[in-house]
>>> print(open('target10.cif').read())   # mmCIF, C-alpha atoms
data_start
loop_
_atom_site.label_atom_id
_atom_site.label_comp_id
_atom_site.auth_asym_id
_atom_site.auth_seq_id
_atom_site.Cartn_x
_atom_site.Cartn_y
_atom_site.Cartn_z
CA MET A 154 -5.80 48.16 1.23
CA LEU A 155 -6.16 45.76 4.15
CA ARG A 156 -8.36 42.74 3.45
CA VAL A 157 -9.87 41.05 6.50
CA SER A 158 -11.24 37.53 6.08
CA SER A 159 -11.79 34.37 8.06
CA SER A 160 -9.47 31.38 7.87
CA PRO A 161 -8.09 29.49 6.07
CA HIS A 162 -5.56 32.10 4.99
CA ILE A 163 -3.14 29.73 3.28
CA ARG A 164 -4.39 28.04 0.13
CA ASP A 165 -2.82 25.84 -2.53
CA ASN A 166 -3.87 23.99 -5.65
CA SER A 167 -4.45 20.66 -3.90
CA SER A 168 -7.78 18.95 -4.48
CA THR A 169 -9.23 15.58 -3.59
CA GLN A 170 -8.80 14.44 -7.18
CA ARG A 171 -5.16 15.57 -7.27
CA ILE A 172 -4.34 13.85 -3.98
CA MET A 173 -6.08 10.62 -4.99
CA LEU A 174 -4.30 10.64 -8.34
CA ASP A 175 -0.98 10.87 -6.51
CA VAL A 176 -1.96 7.89 -4.34
CA VAL A 177 -2.95 5.89 -7.43
CA LEU A 178 0.39 6.68 -9.06
CA ALA A 179 2.21 5.72 -5.85
CA LEU A 180 0.46 2.33 -5.88
CA ILE A 181 1.48 1.49 -9.45
CA PRO A 182 4.86 -0.03 -8.39
CA MET A 183 2.92 -2.31 -6.03
CA VAL A 184 0.65 -3.48 -8.85
CA ILE A 185 3.60 -4.12 -11.17
CA ALA A 186 5.44 -6.08 -8.48
CA SER A 187 2.30 -8.14 -7.84
CA VAL A 188 2.18 -9.26 -11.46
CA PHE A 189 5.83 -10.37 -11.39
CA ILE A 190 5.40 -12.26 -8.10
CA PHE A 191 1.90 -13.72 -8.48
CA GLY A 192 1.25 -13.66 -12.21
CA TRP A 193 -1.61 -12.17 -14.18
CA ARG A 194 -4.22 -13.48 -11.71
CA SER A 195 -3.22 -10.67 -9.36
CA LEU A 196 -3.86 -8.05 -12.06
CA LEU A 197 -7.35 -9.49 -12.56
CA ILE A 198 -8.06 -9.02 -8.85
CA TYR A 199 -6.94 -5.38 -9.00
CA VAL A 200 -9.04 -4.68 -12.10
CA VAL A 201 -12.17 -6.32 -10.69
CA SER A 202 -11.79 -4.61 -7.32
CA VAL A 203 -11.30 -1.16 -8.84
CA ALA A 204 -14.09 -1.60 -11.41
CA ALA A 205 -16.55 -2.88 -8.78
CA SER A 206 -15.66 -0.04 -6.40
CA VAL A 207 -16.26 2.62 -9.07
CA VAL A 208 -19.55 1.04 -10.18
CA PHE A 209 -20.84 0.70 -6.61
CA GLU A 210 -19.91 4.31 -5.86
CA ALA A 211 -21.68 5.57 -8.98
CA LEU A 212 -24.82 3.51 -8.27
CA SER A 213 -24.82 4.53 -4.60
CA ARG A 214 -24.75 8.22 -5.45
CA ILE A 215 -27.57 7.75 -7.96
CA VAL A 216 -29.78 5.78 -5.55
CA MET A 217 -29.13 8.23 -2.71
CA LYS A 218 -29.71 11.18 -5.08
CA ARG A 219 -26.38 12.77 -4.27
CA GLU A 220 -23.86 14.55 -6.44
CA GLN A 221 -21.74 12.11 -8.41
CA THR A 222 -18.22 11.68 -6.93
CA ILE A 223 -16.50 9.03 -9.03
CA ASN A 224 -14.35 11.75 -10.60
CA ASP A 225 -12.51 12.32 -7.31
CA LEU A 226 -10.74 8.93 -7.85
CA SER A 227 -11.19 7.87 -4.22
CA ALA A 228 -13.09 4.73 -5.28
CA ILE A 229 -10.08 3.68 -7.36
CA VAL A 230 -7.80 4.05 -4.34
CA THR A 231 -10.20 1.99 -2.23
CA GLY A 232 -10.30 -0.71 -4.88
CA LEU A 233 -6.52 -0.91 -5.13
CA LEU A 234 -6.02 -1.06 -1.36
CA LEU A 235 -8.74 -3.68 -0.94
CA ALA A 236 -7.18 -5.88 -3.62
CA ALA A 237 -3.72 -5.38 -2.08
CA GLY A 238 -4.83 -7.29 1.03
CA LEU A 239 -6.16 -10.34 -0.82
CA PRO A 240 -4.45 -13.58 -1.94
CA ALA A 241 -3.72 -14.14 -5.64
CA ASN A 242 -6.12 -17.09 -5.85
CA TYR A 243 -9.02 -15.25 -4.21
CA PRO A 244 -12.44 -15.96 -5.78
CA ILE A 245 -13.51 -13.07 -7.99
CA TRP A 246 -17.06 -12.95 -6.65
CA MET A 247 -15.69 -12.45 -3.15
CA VAL A 248 -13.64 -9.50 -4.43
CA VAL A 249 -16.88 -7.93 -5.65
CA ILE A 250 -18.51 -8.47 -2.24
CA GLY A 251 -15.52 -6.79 -0.59
CA ALA A 252 -15.86 -3.77 -2.89
CA PHE A 253 -19.58 -3.58 -2.09
CA ILE A 254 -18.91 -3.58 1.65
CA ALA A 255 -16.15 -0.98 1.36
CA ILE A 256 -18.00 1.47 -0.86
CA VAL A 257 -21.65 1.07 0.08
CA PHE A 258 -21.63 0.12 3.76
CA VAL A 259 -18.48 1.80 5.06
CA LYS A 260 -18.26 4.84 2.81
CA GLN A 261 -21.53 5.91 1.19
CA LEU A 262 -24.00 5.00 3.94
CA PHE A 263 -22.04 7.30 6.25
CA GLY A 264 -22.17 10.19 3.80
CA GLY A 265 -19.34 9.49 1.38
CA LEU A 266 -15.70 10.54 1.38
CA GLY A 267 -14.89 12.62 4.45
CA SER A 268 -17.69 11.15 6.55
CA ASN A 269 -16.66 7.50 6.80
CA PHE A 270 -15.70 6.46 10.34
CA ALA A 271 -13.05 3.94 9.23
CA ASN A 272 -10.86 3.10 6.28
CA PRO A 273 -13.20 1.36 3.79
CA ALA A 274 -10.60 -1.05 2.39
CA VAL A 275 -9.40 -2.13 5.83
CA THR A 276 -12.92 -2.68 7.14
CA ALA A 277 -13.94 -4.67 4.07
CA ARG A 278 -10.80 -6.81 4.39
CA ILE A 279 -11.74 -7.67 7.98
CA VAL A 280 -15.31 -8.55 7.00
CA LEU A 281 -14.01 -10.82 4.23
CA ALA A 282 -11.54 -12.46 6.62
CA VAL A 283 -14.31 -13.20 9.11
CA SER A 284 -16.86 -14.29 6.50
CA PHE A 285 -14.55 -16.30 4.25
CA ALA A 286 -11.75 -17.29 6.58
CA THR A 287 -10.43 -20.20 4.52
CA GLU A 288 -10.23 -18.32 1.23
CA THR A 289 -8.79 -15.16 2.81
CA SER A 290 -6.02 -17.09 4.57
CA SER A 291 -5.15 -19.38 1.65
CA PHE A 292 -2.08 -17.84 0.04
CA SER A 293 -0.21 -18.81 -3.11
CA VAL A 294 2.70 -17.66 -5.25
CA LEU A 295 4.37 -18.47 -8.55
CA PRO A 296 6.21 -21.84 -8.36
CA GLN A 297 9.68 -20.26 -8.59
CA TYR A 298 9.09 -18.31 -5.37
CA ALA A 299 7.48 -21.11 -3.35
CA PRO A 300 9.50 -22.94 -0.65
CA GLN A 301 10.66 -26.46 -1.46
CA SER A 302 8.25 -27.94 1.08
CA ALA A 303 5.30 -26.56 -0.90
CA LEU A 304 6.43 -28.02 -4.22
CA THR A 305 5.12 -31.35 -5.42
CA ALA A 306 5.52 -33.37 -8.62
CA GLY A 307 4.40 -31.25 -11.55
CA ALA A 308 4.16 -28.07 -9.44
CA SER A 309 6.35 -26.18 -11.88
CA GLN A 310 3.59 -26.52 -14.47
CA LEU A 311 1.02 -24.84 -12.24
CA ASP A 312 0.16 -21.15 -12.41
CA LEU A 313 0.23 -20.75 -8.62
CA VAL A 314 1.44 -22.90 -5.72
CA THR A 315 -0.24 -22.75 -2.31
CA SER A 316 2.18 -21.80 0.45
CA ALA A 317 2.24 -20.31 3.93
CA THR A 318 3.29 -16.70 4.38
CA PRO A 319 6.58 -15.98 6.20
CA LEU A 320 4.61 -15.18 9.37
CA GLY A 321 3.24 -18.72 9.30
CA MET A 322 6.44 -20.53 8.27
CA SER A 323 8.90 -22.40 10.43
CA ALA A 324 12.27 -20.73 10.99
CA ALA A 325 13.93 -23.10 8.49
CA GLU A 326 11.53 -22.11 5.69
CA VAL A 327 11.59 -18.34 6.08
CA PRO A 328 12.91 -16.63 2.91
CA SER A 329 16.12 -14.63 2.97
CA THR A 330 16.06 -10.95 3.91
CA LEU A 331 16.52 -10.04 0.25
CA ASP A 332 13.56 -12.19 -0.80
CA LEU A 333 11.44 -10.63 1.94
CA PHE A 334 12.43 -7.15 0.79
CA LEU A 335 11.68 -7.91 -2.86
CA GLY A 336 8.52 -9.84 -2.04
CA ARG A 337 9.46 -13.22 -3.49
CA HIS A 338 7.18 -15.27 -1.25
CA ALA A 339 3.51 -16.05 -0.67
CA GLY A 340 1.21 -13.47 0.87
CA SER A 341 -1.39 -10.86 0.00
CA ILE A 342 -0.64 -9.53 -3.47
CA GLY A 343 0.03 -5.92 -2.48
CA GLU A 344 1.80 -6.43 0.85
CA VAL A 345 4.82 -8.54 -0.02
CA SER A 346 7.10 -6.27 -2.08
CA ILE A 347 8.57 -3.81 0.40
CA ILE A 348 10.73 -2.13 -2.24
CA ALA A 349 7.68 -1.40 -4.41
CA LEU A 350 5.81 0.07 -1.44
CA LEU A 351 8.77 2.24 -0.45
CA ILE A 352 9.04 3.60 -4.00
CA GLY A 353 5.42 4.67 -3.75
CA ALA A 354 5.94 6.06 -0.27
CA VAL A 355 8.87 8.22 -1.41
CA TYR A 356 6.68 9.62 -4.17
CA LEU A 357 3.90 10.53 -1.71
CA VAL A 358 6.34 12.24 0.64
CA ALA A 359 8.00 14.12 -2.23
CA ARG A 360 4.61 15.30 -3.45
CA GLY A 361 3.65 16.43 0.05
CA VAL A 362 0.64 14.10 0.17
CA ILE A 363 1.76 12.51 3.44
CA ASP A 364 4.32 13.30 6.12
CA LEU A 365 6.43 10.80 8.03
CA TRP A 366 5.04 11.19 11.54
CA ILE A 367 2.60 8.29 11.43
CA PRO A 368 4.65 5.86 9.28
CA LEU A 369 7.91 6.23 11.21
CA VAL A 370 6.36 6.27 14.68
CA TYR A 371 4.10 3.33 13.84
CA MET A 372 6.83 1.13 12.35
CA GLY A 373 9.47 2.22 14.85
CA THR A 374 7.26 1.58 17.88
CA THR A 375 6.08 -1.79 16.56
CA VAL A 376 9.56 -3.17 15.89
CA GLY A 377 10.84 -1.61 19.13
CA LEU A 378 8.24 -3.46 21.19
CA ILE A 379 8.94 -6.68 19.30
CA THR A 380 12.66 -6.28 20.01
CA LEU A 381 11.98 -5.83 23.72
CA VAL A 382 10.34 -9.25 23.94
CA GLY A 383 13.09 -10.97 21.97
CA GLY A 384 11.49 -10.95 18.52
CA ASP A 385 13.23 -10.31 15.21
CA PRO A 386 12.47 -6.66 14.35
CA LEU A 387 13.67 -6.84 10.73
CA PHE A 388 11.61 -9.94 10.04
CA HIS A 389 8.43 -8.33 11.37
CA LEU A 390 9.13 -5.11 9.50
CA LEU A 391 9.47 -6.94 6.17
CA THR A 392 6.50 -9.28 6.56
CA GLY A 393 2.75 -8.84 6.60
CA ALA A 394 1.03 -5.53 5.97
CA LEU A 395 3.16 -3.35 8.24
CA VAL A 396 4.74 -1.17 5.53
CA LEU A 397 1.61 -1.00 3.36
CA ALA A 398 -0.45 0.06 6.36
CA ALA A 399 2.11 2.59 7.61
CA PHE A 400 2.28 4.62 4.39
CA PHE A 401 -1.02 4.01 2.62
CA MET A 402 -3.69 3.19 5.23
CA MET A 403 -2.84 4.81 8.56
CA THR A 404 -2.14 8.09 6.76
CA ASP A 405 -5.67 8.27 5.34
CA TYR A 406 -6.77 11.90 5.72
CA VAL A 407 -10.31 11.09 6.83
CA THR A 408 -9.57 8.50 9.52
CA SER A 409 -6.32 9.81 11.03
CA PRO A 410 -5.59 12.89 13.20
CA THR A 411 -4.52 16.22 11.77
CA THR A 412 -2.24 17.46 14.57
CA VAL A 413 1.32 16.24 15.07
CA VAL A 414 0.62 15.17 18.65
CA GLY A 415 -2.50 13.38 17.49
CA LYS A 416 -0.58 11.57 14.76
CA VAL A 417 2.03 10.38 17.25
CA VAL A 418 -0.63 9.13 19.68
CA PHE A 419 -2.51 7.47 16.81
CA ALA A 420 0.64 5.74 15.54
CA ILE A 421 1.75 4.55 18.99
CA GLY A 422 -1.72 3.17 19.68
CA GLY A 423 -1.74 1.31 16.36
CA ALA A 424 1.75 -0.04 17.03
CA LEU A 425 0.82 -1.29 20.49
CA LEU A 426 -2.23 -3.10 19.13
CA THR A 427 -0.25 -4.58 16.23
CA PHE A 428 2.42 -5.79 18.64
CA LEU A 429 -0.09 -7.41 21.00
CA LEU A 430 -2.04 -9.10 18.21
CA ARG A 431 1.05 -10.36 16.40
CA MET A 432 2.87 -11.66 19.44
CA TYR A 433 0.12 -12.81 21.79
CA SER A 434 -3.03 -13.56 19.79
CA SER A 435 -3.98 -16.57 17.70
CA MET A 436 -3.66 -14.58 14.48
CA PRO A 437 -0.25 -14.07 12.83
CA GLU A 438 -1.16 -10.62 11.48
CA GLY A 439 -2.93 -7.89 13.44
CA VAL A 440 -2.47 -4.80 11.28
CA SER A 441 -6.02 -4.52 9.89
CA TYR A 442 -7.66 -4.84 13.30
CA SER A 443 -5.24 -2.30 14.75
CA ILE A 444 -6.11 0.26 12.09
CA LEU A 445 -9.85 -0.26 12.52
CA LEU A 446 -9.67 0.18 16.30
CA MET A 447 -7.56 3.32 16.00
CA ASN A 448 -9.94 4.69 13.34
CA ILE A 449 -12.75 4.34 15.88
CA LEU A 450 -10.66 6.19 18.49
CA ASN A 451 -9.56 8.88 16.05
CA PRO A 452 -12.34 11.43 16.81
CA HIS A 453 -11.40 11.29 20.49
CA ILE A 454 -7.68 11.62 19.75
CA GLU A 455 -8.45 14.58 17.50
CA ARG A 456 -10.46 16.27 20.26
CA TRP A 457 -7.88 15.59 22.99
CA THR A 458 -4.98 16.92 20.90
CA ALA A 459 -6.68 19.83 19.15
CA HIS A 460 -4.86 23.17 19.18
CA LYS A 461 -6.38 25.96 21.23
CA THR A 462 -7.99 28.61 19.05
CA ILE A 463 -6.01 31.85 19.06
CA GLY A 464 -7.99 34.42 21.02
CA GLY A 465 -10.46 31.77 22.09
CA ASN A 466 -10.58 33.01 25.71
CA TYR A 467 -11.10 36.67 24.81
CA GLY A 468 -14.90 36.56 24.98
CA LYS A 469 -14.85 34.73 28.31
CA LYS A 470 -12.43 37.23 29.89
CA ARG A 471 -14.48 40.15 28.56
CA ARG A 472 -17.65 38.79 30.14
CA GLN A 473 -15.85 38.36 33.48
CA VAL A 474 -14.63 41.99 33.42
CA SER A 475 -18.02 43.40 32.58
#
>>> encode(input="target10.cif", output="structure tokens")
Amino acid sequence: MLRVSSSPHIRDNSSTQRIMLDVVLALIPMVIASVFIFGWRSLLIYVVSVAASVVFEALSRIVMKREQTINDLSAIVTGLLLAAGLPANYPIWMVVIGAFIAIVFVKQLFGGLGSNFANPAVTARIVLAVSFATETSSFSVLPQYAPQSALTAGASQLDLVTSATPLGMSAAEVPSTLDLFLGRHAGSIGEVSIIALLIGAVYLVARGVIDLWIPLVYMGTTVGLITLVGGDPLFHLLTGALVLAAFFMMTDYVTSPTTVVGKVVFAIGGALLTFLLRMYSSMPEGVSYSILLMNILNPHIERWTAHKTIGGNYGKKRRQVS
């Protein structure tokens, strides 16, 4: 018997909860690396950010009289990604404010997951950076990973030592390539360990949660442009939020295109903005602003690159004939 039905015709067992659980599992290496590099203070930031995000989501759904959605685990992902972009010595109350902005203002006020116009964690990170510039740009690391210029008498007895990130260091102070890859330097707690992020990225690709179009085009275009102007491509690839953004933020289902052409355009646009902000603006890192701007452009990219519907011109041709 022939069954005729509308699309979609291909279905699988994927669900929002299953996808978000995979992302949470992929971020665990990042959290573990953060504890080794920044100490237990980093774990506190993750816990507070995740807990606040879940609570704000639950309260938002109750106040707005909507179906409860904390079981889809998306609030946990938002909390982890928000915390990943913060310094280890960040004030806890500011973490809570960031979670409030991400969940309530960026996500729930626009209708919840699937309706938000931008990545909640990225947008909240930008708001925190603008509102609390000193605290958001004050980085620290365990004494054993701090450069000699940051160490003072008795520094070895401190929990954390304030230090510039590699993007803000002089050439003589920049850590070795191995230290950059492992994350043994100051920076945001979730951005520094490239190896931990790549472990998570491999898991997401293996599970089919993400593909490599956006990450590879974004990173490849960024370092290619930097190379053209005489910059060090490996240094820029291993520093800042480039890898974290490529695999965990720019691939967000809601705020990125669905077509291959759209993904390539989206990634190239993000790379161009990152390149311009890193090389020619007053800020050393431009990843967050690049993602936000491309999120805003995403609906247009999606429309411009959408596939033509099969048989879409049939009705028009029929009317012309008749």
>>> closest_residue(input="target10.cif", among="A:Ile215, A:Leu425, A:Met436, A:Leu234", to="Gly321 in chain A", atoms="all atoms listed in the file")
A:Met436
>>> atom_distance(input="target10.cif", atom1="CA of Pro182 in chain A", atom2="CA of Ala349 in chain A")
5.1 Å
>>> resolve_selection(input="target10.cif", expression="the PyMOL selection byres ((chain A and resi 421) around 10)", output="CSV table (one decimal) with C-alpha atoms, in the coordinates of the input")
chain,number,residue,atom,x,y,z
A,367,ILE,CA,2.6,8.3,11.4
A,370,VAL,CA,6.4,6.3,14.7
A,371,TYR,CA,4.1,3.3,13.8
A,372,MET,CA,6.8,1.1,12.4
A,373,GLY,CA,9.5,2.2,14.8
A,374,THR,CA,7.3,1.6,17.9
A,375,THR,CA,6.1,-1.8,16.6
A,415,GLY,CA,-2.5,13.4,17.5
A,416,LYS,CA,-0.6,11.6,14.8
A,417,VAL,CA,2.0,10.4,17.2
A,418,VAL,CA,-0.6,9.1,19.7
A,419,PHE,CA,-2.5,7.5,16.8
A,420,ALA,CA,0.6,5.7,15.5
A,422,GLY,CA,-1.7,3.2,19.7
A,423,GLY,CA,-1.7,1.3,16.4
A,424,ALA,CA,1.8,0.0,17.0
A,425,LEU,CA,0.8,-1.3,20.5
A,426,LEU,CA,-2.2,-3.1,19.1
A,427,THR,CA,-0.2,-4.6,16.2
A,447,MET,CA,-7.6,3.3,16.0
>>> residues_around(input="target10.cif", residues="Ala271 in chain A", least_positions_apart="5", cutoff="7 Å", atoms="all atoms listed in the file", output="list in words")
Thr276, Thr408, Leu445, Asn448 and Ile449 of chain A
>>> atom_distance(input="target10.cif", atom1="CA of Thr169 in chain A", atom2="CA of Thr222 in chain A")
10.4 Å
>>> closest_residue(input="target10.cif", among="A:Val314, A:Ala282, A:Val275, A:Val396", to="Gly353 in chain A", atoms="only C-alpha atoms")
A:Val396
>>> residues_around(input="target10.cif", residues="Tyr356 in chain A", least_positions_apart="6", cutoff="10 Å", atoms="only C-alpha atoms", output="list in words")
Asp175, Val176, Leu178, Ala179, Leu180, Leu350, Val362 and Ile363 of chain A
>>> atom_distance(input="target10.cif", atom1="CA of Thr380 in chain A", atom2="CA of Ser293 in chain A")
29.3 Å
>>> closest_residue(input="target10.cif", among="A:Ala241, A:Val280, A:Val200, A:Leu174", to="Ile254 in chain A", atoms="all atoms listed in the file")
A:Val280
>>> residues_around(input="target10.cif", residues="Ala211 in chain A", least_positions_apart="4", cutoff="7 Å", atoms="all atoms listed in the file", output="number ranges by chain")
A: 207, 215, 221, 223
>>> closest_residue(input="target10.cif", among="A:Ile256, A:Ala339, A:Val414, A:Leu197", to="Pro296 in chain A", atoms="only C-alpha atoms")
A:Ala339
>>> residues_near_point(input="target10.cif", point="(4.0, -8.6, -8.4)", cutoff="12 Å", atoms="all atoms listed in the file", output="compact mmCIF listing (two decimals) with C-alpha atoms, in the frame of the given file")
# COMPACT_ATOMS: atom_id res chain seq x y z
CA LEU A 180 0.46 2.33 -5.88
CA ILE A 181 1.48 1.49 -9.45
CA PRO A 182 4.86 -0.03 -8.39
CA MET A 183 2.92 -2.31 -6.03
CA VAL A 184 0.65 -3.48 -8.85
CA ILE A 185 3.60 -4.12 -11.17
CA ALA A 186 5.44 -6.08 -8.48
CA SER A 187 2.30 -8.14 -7.84
CA VAL A 188 2.18 -9.26 -11.46
CA PHE A 189 5.83 -10.37 -11.39
CA ILE A 190 5.40 -12.26 -8.10
CA PHE A 191 1.90 -13.72 -8.48
CA GLY A 192 1.25 -13.66 -12.21
CA TRP A 193 -1.61 -12.17 -14.18
CA ARG A 194 -4.22 -13.48 -11.71
CA SER A 195 -3.22 -10.67 -9.36
CA LEU A 196 -3.86 -8.05 -12.06
CA TYR A 199 -6.94 -5.38 -9.00
CA ALA A 237 -3.72 -5.38 -2.08
CA PRO A 240 -4.45 -13.58 -1.94
CA ALA A 241 -3.72 -14.14 -5.64
CA VAL A 294 2.70 -17.66 -5.25
CA LEU A 295 4.37 -18.47 -8.55
CA TYR A 298 9.09 -18.31 -5.37
CA LEU A 335 11.68 -7.91 -2.86
CA GLY A 336 8.52 -9.84 -2.04
CA ARG A 337 9.46 -13.22 -3.49
CA HIS A 338 7.18 -15.27 -1.25
CA ALA A 339 3.51 -16.05 -0.67
CA GLY A 340 1.21 -13.47 0.87
CA SER A 341 -1.39 -10.86 0.00
CA ILE A 342 -0.64 -9.53 -3.47
CA GLY A 343 0.03 -5.92 -2.48
CA GLU A 344 1.80 -6.43 0.85
CA VAL A 345 4.82 -8.54 -0.02
CA SER A 346 7.10 -6.27 -2.08
CA ILE A 347 8.57 -3.81 0.40
CA ILE A 348 10.73 -2.13 -2.24
CA ALA A 349 7.68 -1.40 -4.41
CA LEU A 350 5.81 0.07 -1.44
>>> decode(input="target10.cif", residues="range 254-271 of chain A", atoms="N, CA and C atoms", output="PDB file, in the first residue's frame")
ATOM      1  N   ILE A 254      20.617  37.780  32.178  1.00  0.00           N
ATOM      2  CA  ILE A 254      20.551  38.410  30.850  1.00  0.00           C
ATOM      3  C   ILE A 254      20.390  37.354  29.761  1.00  0.00           C
ATOM      4  N   ALA A 255      21.202  36.297  29.846  1.00  0.00           N
ATOM      5  CA  ALA A 255      21.177  35.251  28.825  1.00  0.00           C
ATOM      6  C   ALA A 255      19.833  34.548  28.746  1.00  0.00           C
ATOM      7  N   ILE A 256      19.310  34.146  29.897  1.00  0.00           N
ATOM      8  CA  ILE A 256      18.090  33.339  29.909  1.00  0.00           C
ATOM      9  C   ILE A 256      16.834  34.179  29.758  1.00  0.00           C
ATOM     10  N   VAL A 257      16.721  35.237  30.551  1.00  0.00           N
ATOM     11  CA  VAL A 257      15.477  36.008  30.565  1.00  0.00           C
ATOM     12  C   VAL A 257      15.377  36.950  29.368  1.00  0.00           C
ATOM     13  N   PHE A 258      16.390  37.786  29.179  1.00  0.00           N
ATOM     14  CA  PHE A 258      16.300  38.820  28.149  1.00  0.00           C
ATOM     15  C   PHE A 258      16.525  38.280  26.736  1.00  0.00           C
ATOM     16  N   VAL A 259      17.541  37.441  26.569  1.00  0.00           N
ATOM     17  CA  VAL A 259      17.890  36.995  25.218  1.00  0.00           C
ATOM     18  C   VAL A 259      17.070  35.781  24.784  1.00  0.00           C
ATOM     19  N   LYS A 260      16.757  34.916  25.721  1.00  0.00           N
ATOM     20  CA  LYS A 260      16.101  33.661  25.349  1.00  0.00           C
ATOM     21  C   LYS A 260      14.593  33.689  25.582  1.00  0.00           C
ATOM     22  N   GLN A 261      14.164  33.853  26.821  1.00  0.00           N
ATOM     23  CA  GLN A 261      12.745  33.677  27.143  1.00  0.00           C
ATOM     24  C   GLN A 261      11.852  34.818  26.658  1.00  0.00           C
ATOM     25  N   LEU A 262      12.321  36.049  26.705  1.00  0.00           N
ATOM     26  CA  LEU A 262      11.491  37.162  26.246  1.00  0.00           C
ATOM     27  C   LEU A 262      11.239  37.115  24.741  1.00  0.00           C
ATOM     28  N   PHE A 263      12.041  36.329  24.032  1.00  0.00           N
ATOM     29  CA  PHE A 263      11.828  36.171  22.587  1.00  0.00           C
ATOM     30  C   PHE A 263      11.100  34.869  22.265  1.00  0.00           C
ATOM     31  N   GLY A 264      10.635  34.171  23.303  1.00  0.00           N
ATOM     32  CA  GLY A 264       9.832  32.981  23.064  1.00  0.00           C
ATOM     33  C   GLY A 264      10.462  31.685  23.504  1.00  0.00           C
ATOM     34  N   GLY A 265      11.706  31.728  23.971  1.00  0.00           N
ATOM     35  CA  GLY A 265      12.360  30.502  24.410  1.00  0.00           C
ATOM     36  C   GLY A 265      13.236  29.895  23.339  1.00  0.00           C
ATOM     37  N   LEU A 266      13.739  28.696  23.599  1.00  0.00           N
ATOM     38  CA  LEU A 266      14.638  28.020  22.678  1.00  0.00           C
ATOM     39  C   LEU A 266      13.993  27.863  21.302  1.00  0.00           C
ATOM     40  N   GLY A 267      14.734  28.283  20.271  1.00  0.00           N
ATOM     41  CA  GLY A 267      14.233  28.220  18.913  1.00  0.00           C
ATOM     42  C   GLY A 267      13.726  29.548  18.396  1.00  0.00           C
ATOM     43  N   SER A 268      13.516  30.494  19.321  1.00  0.00           N
ATOM     44  CA  SER A 268      13.013  31.807  18.926  1.00  0.00           C
ATOM     45  C   SER A 268      13.999  32.931  19.213  1.00  0.00           C
ATOM     46  N   ASN A 269      15.060  32.628  19.939  1.00  0.00           N
ATOM     47  CA  ASN A 269      16.037  33.669  20.285  1.00  0.00           C
ATOM     48  C   ASN A 269      16.797  34.109  19.039  1.00  0.00           C
ATOM     49  N   PHE A 270      17.027  35.417  18.924  1.00  0.00           N
ATOM     50  CA  PHE A 270      17.656  35.976  17.724  1.00  0.00           C
ATOM     51  C   PHE A 270      19.168  35.830  17.739  1.00  0.00           C
ATOM     52  N   ALA A 271      19.751  35.599  18.915  1.00  0.00           N
ATOM     53  CA  ALA A 271      21.206  35.495  19.040  1.00  0.00           C
ATOM     54  C   ALA A 271      21.557  34.465  20.093  1.00  0.00           C
TER      55      ALA A 271
END
